[in-house]
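Below is run.txt, which holds compact mmCIF, C-alpha atoms.
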```txt
# COMPACT_ATOMS: atom_id res chain seq x y z
CA MET I 238 7.83 -51.32 -55.34
CA GLN I 239 5.53 -50.92 -52.37
CA VAL I 240 5.98 -47.93 -50.05
CA THR I 241 4.54 -47.31 -46.62
CA VAL I 242 3.29 -43.77 -46.25
CA LYS I 243 2.59 -42.46 -42.76
CA ILE I 244 0.56 -39.26 -42.77
CA LYS I 245 -0.31 -36.99 -39.87
CA ARG I 246 -4.06 -36.43 -40.18
CA PHE I 247 -6.09 -33.78 -38.39
CA ASN I 248 -9.55 -32.38 -38.91
CA PRO I 249 -10.09 -29.59 -36.35
CA GLU I 250 -13.87 -29.87 -36.84
CA THR I 251 -14.10 -33.46 -35.65
CA ASP I 252 -10.76 -34.51 -34.10
CA GLU I 253 -9.43 -33.53 -30.70
CA ALA I 254 -5.83 -34.19 -31.65
CA PRO I 255 -3.85 -35.14 -34.74
CA HIS I 256 -3.33 -38.84 -35.39
CA TRP I 257 -1.21 -40.93 -37.74
CA GLU I 258 -2.61 -43.03 -40.58
CA THR I 259 -0.56 -45.55 -42.53
CA TYR I 260 -1.13 -46.35 -46.21
CA HIS I 261 0.49 -48.95 -48.43
CA VAL I 262 0.97 -47.55 -51.90
CA PRO I 263 2.35 -49.16 -55.06
CA ALA I 264 4.99 -46.79 -56.41
CA ASP I 265 7.72 -46.38 -58.97
CA PRO I 266 11.11 -45.13 -57.69
CA MET I 267 10.71 -42.17 -60.02
CA ASP I 268 7.31 -41.23 -58.58
CA ARG I 269 7.09 -38.01 -56.62
CA VAL I 270 5.64 -37.79 -53.13
CA LEU I 271 2.76 -35.88 -54.71
CA ASP I 272 1.99 -38.97 -56.82
CA LEU I 273 1.70 -41.01 -53.61
CA LEU I 274 -0.67 -38.46 -52.09
CA ASN I 275 -2.75 -38.45 -55.27
CA TYR I 276 -2.88 -42.26 -55.24
CA ILE I 277 -4.08 -42.29 -51.63
CA LYS I 278 -6.69 -39.61 -52.28
CA TRP I 279 -7.97 -41.13 -55.52
CA HIS I 280 -7.87 -44.85 -54.61
CA ILE I 281 -7.75 -45.31 -50.83
CA ASP I 282 -9.11 -42.37 -48.83
CA GLY I 283 -10.78 -39.44 -50.56
CA THR I 284 -10.86 -37.40 -47.36
CA LEU I 285 -7.08 -36.83 -47.35
CA THR I 286 -6.55 -33.10 -47.81
CA TYR I 287 -3.49 -31.30 -49.20
CA ARG I 288 -2.69 -28.35 -51.45
CA ARG I 289 -1.26 -28.74 -54.91
CA SER I 290 -1.59 -26.71 -58.04
CA CYS I 291 1.07 -26.73 -60.74
CA ALA I 292 2.67 -29.99 -59.52
CA HIS I 293 5.99 -28.95 -61.06
CA GLY I 294 7.80 -27.03 -58.34
CA VAL I 295 6.74 -23.60 -59.48
CA CYS I 296 3.61 -22.57 -57.57
CA GLY I 297 4.89 -23.55 -54.12
CA SER I 298 1.57 -24.97 -52.87
CA ASP I 299 2.64 -28.39 -51.64
CA ALA I 300 5.38 -27.62 -49.14
CA MET I 301 5.16 -30.13 -46.28
CA ARG I 302 7.39 -31.98 -43.88
CA ILE I 303 8.61 -35.16 -45.55
CA ASN I 304 10.77 -37.58 -43.56
CA GLY I 305 11.39 -34.91 -40.94
CA GLU I 306 12.37 -32.10 -43.30
CA ASN I 307 10.40 -29.44 -45.20
CA LYS I 308 10.20 -30.16 -48.91
CA LEU I 309 7.91 -29.75 -51.90
CA ALA I 310 5.87 -32.94 -52.41
CA CYS I 311 6.06 -32.45 -56.20
CA SER I 312 9.86 -32.11 -56.20
CA VAL I 313 10.92 -35.13 -54.13
CA LEU I 314 11.27 -38.58 -55.66
CA VAL I 315 10.43 -41.84 -53.90
CA LYS I 316 13.88 -43.24 -54.74
CA ASP I 317 15.49 -40.55 -52.58
CA LEU I 318 13.31 -41.32 -49.57
CA GLY I 319 13.24 -45.10 -49.27
CA PRO I 320 10.30 -47.45 -48.67
CA GLU I 321 9.03 -45.68 -45.54
CA ILE I 322 7.84 -42.12 -45.93
CA THR I 323 6.50 -39.88 -43.18
CA ILE I 324 4.46 -36.82 -44.13
CA GLU I 325 3.39 -34.01 -41.81
CA PRO I 326 2.15 -30.45 -42.35
CA LEU I 327 4.68 -27.57 -42.22
CA PRO I 328 5.77 -27.01 -38.60
CA VAL I 329 4.21 -24.43 -36.24
CA LEU I 330 1.49 -23.14 -38.57
CA PRO I 331 -2.18 -23.72 -37.61
CA VAL I 332 -3.53 -26.79 -39.40
CA ILE I 333 -6.71 -26.20 -41.41
CA LYS I 334 -7.01 -29.86 -42.35
CA ASP I 335 -4.47 -32.68 -42.68
CA LEU I 336 -1.56 -31.22 -44.69
CA VAL I 337 -3.20 -27.85 -45.38
CA VAL I 338 -1.87 -25.10 -43.11
CA ASP I 339 -2.96 -21.51 -42.58
CA MET I 340 -0.23 -19.46 -44.30
CA THR I 341 -1.61 -16.07 -43.14
CA SER I 342 1.29 -15.31 -40.77
CA PHE I 343 3.80 -16.26 -43.46
CA PHE I 344 2.32 -13.80 -45.97
CA ARG I 345 1.97 -11.06 -43.33
CA LYS I 346 5.73 -11.28 -42.80
CA TYR I 347 6.23 -11.20 -46.57
CA GLU I 348 4.11 -8.03 -46.87
CA ALA I 349 5.97 -6.44 -43.95
CA VAL I 350 9.20 -6.06 -45.96
CA LYS I 351 7.36 -4.23 -48.81
CA PRO I 352 7.89 -6.81 -51.53
CA TRP I 353 7.51 -4.41 -54.43
CA LEU I 354 9.73 -2.00 -56.34
CA ILE I 355 10.02 1.38 -54.66
CA ASN I 356 11.16 4.03 -57.10
CA ASP I 357 9.83 7.59 -57.11
CA ASP I 358 11.42 8.57 -60.41
CA PRO I 359 8.88 9.11 -63.19
CA PRO I 360 8.48 5.86 -65.14
CA PRO I 361 10.62 5.82 -68.28
CA GLU I 362 9.01 5.32 -71.65
CA ARG I 363 10.13 1.70 -71.67
CA GLU I 364 11.41 -0.53 -68.85
CA ARG I 365 13.80 0.50 -66.09
CA LEU I 366 17.07 -0.97 -67.33
CA GLN I 367 19.40 -3.07 -65.25
CA SER I 368 22.85 -4.30 -66.25
CA PRO I 369 23.44 -8.07 -66.32
CA ARG I 370 26.01 -7.52 -63.58
CA ASP I 371 23.50 -5.79 -61.31
CA HIS I 372 20.93 -8.47 -62.04
CA ALA I 373 23.38 -11.24 -61.18
CA LEU I 374 23.43 -9.90 -57.61
CA ILE I 375 19.75 -10.65 -57.08
CA GLU I 376 19.09 -13.38 -59.61
CA GLU I 377 19.13 -16.30 -57.18
CA ALA I 378 16.94 -14.42 -54.71
CA THR I 379 14.32 -13.74 -57.39
CA LYS I 380 13.74 -17.49 -57.75
CA CYS I 381 11.82 -17.76 -54.47
CA ILE I 382 8.38 -19.32 -54.99
CA LEU I 383 7.04 -18.45 -51.51
CA CYS I 384 6.28 -22.04 -50.54
CA GLY I 385 7.17 -21.37 -46.89
CA ALA I 386 9.45 -24.40 -46.51
CA CYS I 387 12.35 -22.22 -45.31
CA THR I 388 10.57 -19.99 -42.80
CA GLN I 389 8.82 -22.97 -41.17
CA SER I 390 12.07 -24.94 -40.98
CA CYS I 391 13.84 -22.27 -38.94
CA PRO I 392 14.29 -22.85 -35.18
CA SER I 393 14.10 -19.07 -34.73
CA THR I 394 10.56 -19.20 -36.17
CA TRP I 395 9.70 -22.14 -33.88
CA ALA I 396 10.81 -20.06 -30.90
CA ASP I 397 9.37 -16.71 -32.00
CA PRO I 398 6.33 -16.82 -34.29
CA ASP I 399 6.83 -13.10 -35.03
CA TYR I 400 10.36 -13.53 -36.42
CA LEU I 401 10.24 -12.29 -40.02
CA GLY I 402 11.91 -15.48 -41.20
CA PRO I 403 14.14 -16.42 -44.13
CA ALA I 404 11.58 -15.94 -46.94
CA ALA I 405 10.72 -12.35 -45.98
CA LEU I 406 14.37 -11.47 -45.32
CA LEU I 407 15.35 -12.94 -48.68
CA LYS I 408 12.70 -10.78 -50.33
CA ALA I 409 14.08 -7.75 -48.50
CA TYR I 410 17.53 -8.63 -49.84
CA ARG I 411 16.10 -8.98 -53.34
CA PHE I 412 14.86 -5.37 -53.34
CA VAL I 413 17.59 -3.74 -51.22
CA PHE I 414 20.20 -5.05 -53.66
CA ASP I 415 18.12 -4.24 -56.75
CA SER I 416 19.88 -1.40 -58.61
CA ARG I 417 16.46 0.03 -59.64
CA ASP I 418 15.04 0.21 -56.11
CA GLN I 419 15.12 3.27 -53.85
CA GLY I 420 13.44 1.86 -50.75
CA THR I 421 16.59 0.63 -48.99
CA GLU I 422 16.26 2.95 -46.02
CA GLU I 423 12.67 2.09 -45.16
CA ARG I 424 13.26 -1.63 -45.69
CA LEU I 425 16.38 -1.65 -43.53
CA ARG I 426 14.38 0.01 -40.76
CA ILE I 427 12.08 -3.01 -40.81
CA VAL I 428 14.63 -5.82 -41.05
CA ASP I 429 17.36 -4.30 -38.84
CA SER I 430 15.66 -5.49 -35.68
CA ASN I 431 15.63 -8.29 -33.15
CA GLN I 432 12.70 -9.90 -34.94
CA GLY I 433 14.38 -9.44 -38.27
CA LEU I 434 17.98 -9.96 -39.36
CA TRP I 435 19.43 -10.47 -35.92
CA LYS I 436 17.35 -13.51 -35.14
CA CYS I 437 19.09 -15.36 -37.96
CA TYR I 438 21.65 -17.53 -36.19
CA THR I 439 23.01 -19.11 -39.40
CA ILE I 440 21.41 -22.49 -38.68
CA PHE I 441 21.02 -23.25 -42.42
CA ASN I 442 17.76 -25.22 -42.11
CA CYS I 443 16.29 -22.76 -44.63
CA VAL I 444 19.00 -23.55 -47.16
CA GLU I 445 18.44 -27.29 -46.71
CA ALA I 446 14.68 -26.84 -47.09
CA CYS I 447 14.60 -24.55 -50.12
CA PRO I 448 13.28 -26.49 -53.13
CA LYS I 449 14.81 -23.90 -55.45
CA GLU I 450 18.26 -24.41 -53.87
CA ILE I 451 18.61 -20.77 -52.89
CA ASP I 452 21.46 -20.12 -50.45
CA VAL I 453 19.11 -18.05 -48.26
CA THR I 454 21.62 -17.63 -45.41
CA ARG I 455 24.20 -16.21 -47.80
CA TRP I 456 21.86 -13.41 -48.87
CA ILE I 457 20.62 -12.77 -45.33
CA SER I 458 24.27 -12.40 -44.27
CA ALA I 459 24.81 -9.90 -47.09
CA LEU I 460 21.78 -7.97 -45.85
CA LYS I 461 23.18 -8.04 -42.30
CA ARG I 462 26.42 -6.47 -43.55
CA ARG I 463 24.42 -3.88 -45.48
CA ALA I 464 22.35 -3.02 -42.39
CA VAL I 465 25.48 -2.56 -40.29
CA THR I 466 27.42 -0.49 -42.86
CA ALA I 467 24.37 1.70 -43.55
CA ARG I 468 24.77 3.15 -40.04
CA TYR I 469 28.20 4.57 -40.79
CA MET J 19 9.23 -22.90 -28.49
CA LYS J 20 8.33 -26.26 -29.97
CA TRP J 21 11.12 -28.12 -28.22
CA ASP J 22 10.24 -31.48 -29.72
CA LEU J 23 10.99 -30.08 -33.20
CA LEU J 24 14.63 -29.61 -32.23
CA PHE J 25 14.94 -33.38 -31.99
CA ARG J 26 12.29 -34.47 -34.49
CA TYR J 27 13.29 -32.18 -37.33
CA ARG J 28 16.02 -33.65 -39.53
CA MET J 29 19.40 -32.79 -38.01
CA ARG J 30 21.74 -31.39 -40.64
CA PRO J 31 25.28 -30.10 -39.89
CA GLY J 32 24.08 -26.47 -39.70
CA MET J 33 21.48 -27.16 -37.00
CA LEU J 34 23.88 -29.47 -35.14
CA ALA J 35 26.54 -26.73 -35.17
CA TRP J 36 24.03 -24.21 -33.80
CA LEU J 37 22.70 -26.58 -31.10
CA LEU J 38 26.22 -27.43 -29.90
CA HIS J 39 27.04 -23.72 -29.94
CA ARG J 40 24.01 -22.96 -27.73
CA ILE J 41 24.71 -25.84 -25.32
CA SER J 42 28.42 -25.00 -24.99
CA GLY J 43 27.52 -21.31 -24.59
CA LEU J 44 25.10 -22.03 -21.75
CA ALA J 45 27.66 -24.36 -20.15
CA LEU J 46 30.25 -21.56 -20.27
CA VAL J 47 27.84 -19.14 -18.62
CA GLY J 48 27.43 -21.71 -15.82
CA TYR J 49 31.20 -22.05 -15.63
CA ILE J 50 31.70 -18.27 -15.34
CA VAL J 51 29.53 -18.29 -12.20
CA ILE J 52 31.69 -21.01 -10.60
CA HIS J 53 34.85 -19.27 -11.76
CA VAL J 54 33.93 -15.89 -10.31
CA TYR J 55 32.77 -17.57 -7.11
CA GLY J 56 36.25 -19.10 -6.84
CA LEU J 57 37.92 -15.73 -7.39
CA ARG J 58 36.22 -14.38 -4.28
CA ALA J 59 38.81 -16.35 -2.30
CA LEU J 60 41.66 -14.42 -3.95
CA THR J 61 41.88 -11.98 -1.04
CA ASP J 62 43.01 -14.67 1.37
CA ARG J 63 46.08 -16.82 0.66
CA GLU J 64 45.07 -19.79 2.82
CA GLN J 65 41.52 -19.81 1.57
CA PHE J 66 42.62 -19.58 -2.05
CA ASN J 67 45.10 -22.43 -1.74
CA ALA J 68 42.44 -24.58 -0.09
CA LEU J 69 40.02 -23.83 -2.89
CA ILE J 70 42.59 -24.64 -5.60
CA ALA J 71 43.45 -27.88 -3.76
CA GLY J 72 39.77 -28.77 -3.90
CA TYR J 73 39.81 -28.30 -7.66
CA HIS J 74 42.41 -31.08 -7.91
CA HIS J 75 39.70 -33.60 -7.05
CA PRO J 76 39.18 -36.10 -9.94
CA VAL J 77 35.62 -34.84 -10.50
CA PHE J 78 36.95 -31.37 -11.28
CA ARG J 79 39.68 -32.88 -13.47
CA ILE J 80 37.05 -34.56 -15.59
CA LEU J 81 34.96 -31.38 -15.61
CA GLU J 82 38.05 -29.55 -16.83
CA ILE J 83 37.98 -31.69 -19.98
CA PHE J 84 34.37 -30.67 -20.52
CA LEU J 85 35.38 -27.04 -19.99
CA LEU J 86 38.14 -27.40 -22.58
CA ALA J 87 35.66 -29.03 -24.97
CA ALA J 88 33.07 -26.25 -24.51
CA VAL J 89 35.63 -23.43 -24.92
CA THR J 90 37.28 -25.05 -27.94
CA TYR J 91 34.06 -25.84 -29.79
CA HIS J 92 32.45 -22.50 -28.96
CA ALA J 93 35.53 -20.58 -30.11
CA LEU J 94 35.99 -22.50 -33.36
CA ASN J 95 32.31 -22.47 -34.31
CA GLY J 96 32.24 -18.78 -33.39
CA LEU J 97 34.98 -18.33 -35.96
CA ARG J 98 32.84 -20.26 -38.45
CA ILE J 99 29.90 -17.92 -37.83
CA VAL J 100 32.16 -14.89 -38.25
CA LEU J 101 33.42 -16.23 -41.57
CA ILE J 102 29.84 -16.88 -42.72
CA ASP J 103 28.39 -13.55 -41.62
CA PHE J 104 31.34 -11.23 -42.26
CA LEU J 105 33.02 -12.80 -45.29
CA GLY J 106 30.01 -14.51 -46.87
CA TRP J 107 31.43 -18.03 -46.59
CA SER J 108 27.92 -19.46 -46.44
CA PRO J 109 28.44 -21.88 -49.37
CA LYS J 110 31.36 -23.44 -47.47
CA GLN J 111 29.52 -23.78 -44.16
CA LYS J 112 29.38 -27.60 -44.06
CA ARG J 113 33.03 -28.07 -44.96
CA LEU J 114 33.88 -25.43 -42.38
CA PHE J 115 31.85 -27.28 -39.75
CA TRP J 116 33.55 -30.63 -40.35
CA THR J 117 37.03 -29.08 -40.62
CA LEU J 118 36.72 -27.00 -37.47
CA SER J 119 35.03 -29.86 -35.59
CA GLY J 120 37.99 -32.06 -36.55
CA ALA J 121 40.34 -29.38 -35.26
CA ALA J 122 38.28 -29.14 -32.07
CA VAL J 123 38.49 -32.91 -31.49
CA LEU J 124 42.26 -32.75 -31.98
CA ILE J 125 42.70 -29.86 -29.54
CA ILE J 126 40.39 -31.45 -26.96
CA GLY J 127 42.25 -34.76 -27.31
CA LEU J 128 45.64 -33.08 -26.86
CA GLY J 129 44.38 -31.23 -23.81
CA ALA J 130 42.57 -34.19 -22.28
CA TYR J 131 45.49 -36.59 -22.62
CA PRO J 132 47.67 -35.19 -19.79
CA ILE J 133 44.61 -34.96 -17.55
CA LEU J 134 43.48 -38.52 -18.23
CA ARG J 135 47.04 -39.83 -17.91
CA MET J 136 47.00 -38.93 -14.22
CA PHE J 137 44.33 -41.55 -13.69
CA LEU J 138 46.41 -44.34 -15.19
```

With the file now loaded, output its structure as structure tokens.
Amino acid sequence: MQVTVKIKRFNPETDEAPHWETYHVPADPMDRVLDLLNYIKWHIDGTLTYRRSCAHGVCGSDAMRINGENKLACSVLVKDLGPEITIEPLPVLPVIKDLVVDMTSFFRKYEAVKPWLINDDPPPERERLQSPRDHALIEEATKCILCGACTQSCPSTWADPDYLGPAALLKAYRFVFDSRDQGTEERLRIVDSNQGLWKCYTIFNCVEACPKEIDVTRWISALKRRAVTARY
Amino acid sequence: MKWDLLFRYRMRPGMLAWLLHRISGLALVGYIVIHVYGLRALTDREQFNALIAGYHHPVFRILEIFLLAAVTYHALNGLRIVLIDFLGWSPKQKRLFWTLSGAAVLIIGLGAYPILRMFL
């Protein structure tokens, strides 16, 4: 089959504003969007710029807006999109070139929730054990690959660039509900704020966008309840 | 705010529910102003009756249907948000949205019928 791929192109060094380019690409229904991008770059226009690394939905490099919705280019098949495909960079992040965005703000928010294990007990001889039951609580949240699709899909992020966003809040959940972690108090101080938990209006764009099918809103809600009950 | 994104980003039930909640919420804030303004006349019997008579105008009748719609949707979706945030019903959010929207349409229809019948 032949697909029409419309890509939003922008080179800040030479262009004044972004513009659309259309490419006609031969494709198999089982091709991924990343295959289309590769075809364009390798056979039609070598200047097309995008990030990709593992190409198997693990590294989280190729999150972009595909047919109006944030997705991973390597995890979406042509058959699920139809013959006309529109590709744009992730919303509201500065564009470095074409589909490559500056993820600095995204990772600043990630760092803000202290995404590491906080435990002042002396390290045991072997690992810190966790029961399967305790692990089940956080298992889904540990699957985040930090692609940024969720945070950039959230209208709260569009309105307030300083909103921590679903990815960072999910990471906070992952450690607050980790039976081995002792940093709950300091993490709750960070997320229990107007630019944290309380700017989540349960819009669910993050859940729709997540390529790992994490129910982000569910865990943010659990963290909201934790933040409220911690005061009493 | 990147307003264009609200209309250009793919509209899924969750975002639609939130947008309608915002719009109906703002509409209700506007209504409260009109409502309280009307209550000012409560101190005078004649004035109050005149005001209420004014509200019988067809334009206000139609607006009343919109008021009913805003209150009904806002209340039912508010319940949906409570269930999601307090009881963790997040996995059921879409079914909740369609069910409660169906209930809202039913309630609005039942309430609008006697109002619209007056025009027949």

query = Mind listing as JSON, numbers by chain all residues within 10 Å of (40.9, -26.5, -29.1), counting all atoms listed in the file?
reply = {"J": [86, 87, 88, 89, 90, 91, 92, 93, 94, 118, 119, 120, 121, 122, 123, 124, 125, 126, 127, 128, 129]}

Store the residues picked out above, limited to C-alpha atoms, as a PDB file, in the frame of the given file.
```pdb
ATOM      1  CA  LEU J  86      38.140 -27.400 -22.580  1.00  0.00           C
ATOM      2  CA  ALA J  87      35.660 -29.030 -24.970  1.00  0.00           C
ATOM      3  CA  ALA J  88      33.070 -26.250 -24.510  1.00  0.00           C
ATOM      4  CA  VAL J  89      35.630 -23.430 -24.920  1.00  0.00           C
ATOM      5  CA  THR J  90      37.280 -25.050 -27.940  1.00  0.00           C
ATOM      6  CA  TYR J  91      34.060 -25.840 -29.790  1.00  0.00           C
ATOM      7  CA  HIS J  92      32.450 -22.500 -28.960  1.00  0.00           C
ATOM      8  CA  ALA J  93      35.530 -20.580 -30.110  1.00  0.00           C
ATOM      9  CA  LEU J  94      35.990 -22.500 -33.360  1.00  0.00           C
ATOM     10  CA  LEU J 118      36.720 -27.000 -37.470  1.00  0.00           C
ATOM     11  CA  SER J 119      35.030 -29.860 -35.590  1.00  0.00           C
ATOM     12  CA  GLY J 120      37.990 -32.060 -36.550  1.00  0.00           C
ATOM     13  CA  ALA J 121      40.340 -29.380 -35.260  1.00  0.00           C
ATOM     14  CA  ALA J 122      38.280 -29.140 -32.070  1.00  0.00           C
ATOM     15  CA  VAL J 123      38.490 -32.910 -31.490  1.00  0.00           C
ATOM     16  CA  LEU J 124      42.260 -32.750 -31.980  1.00  0.00           C
ATOM     17  CA  ILE J 125      42.700 -29.860 -29.540  1.00  0.00           C
ATOM     18  CA  ILE J 126      40.390 -31.450 -26.960  1.00  0.00           C
ATOM     19  CA  GLY J 127      42.250 -34.760 -27.310  1.00  0.00           C
ATOM     20  CA  LEU J 128      45.640 -33.080 -26.860  1.00  0.00           C
ATOM     21  CA  GLY J 129      44.380 -31.230 -23.810  1.00  0.00           C
TER      22      GLY J 129
END
```

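You will find atom CA of J:Val47 at 19.9 Å from atom CA of J:Leu34.
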
task = Dump as a ChimeraX atom specification the residues of chain I that approach chain J to within 10 Å, counting only C-alpha atoms.
result = /I:302-307,328-329,390-398,438-445,452-462

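From atom CA of J:Leu114 back to atom CA of J:Glu82, the distance works out to 26.2 Å.
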
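Of the listed residues (J:Leu138, J:Lys110, J:Ala130, J:Asp22), J:Ala130 comes nearest to J:Ile80; the distances count only C-alpha atoms.
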
inquiry  = When you look at I:Pro331 with a cut-off of 12 Å (counting all atoms listed in the file), what residues show up, excluding the ones that are within fewer than 2 positions of it in the same chain? I need them as a ChimeraX atom specification.
reply    = /I:247-249,255,326-329,333-343,389,398

query = Neighbours of stretch 267-271 of chain I within 6 Å (only C-alpha atoms; same-chain residues fewer than 4 positions away dropped), as an NGL selection string?
reply = :I and (310-311 or 313-315)

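Going from atom CA of I:Lys449 over to atom CA of I:Asp418, you cover 24.1 Å.
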
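Comparing J:Leu97, J:Leu85, J:Leu134, J:Arg63 by their smallest distance to J:Gly48, the closest is J:Leu85 (using all atoms listed in the file).
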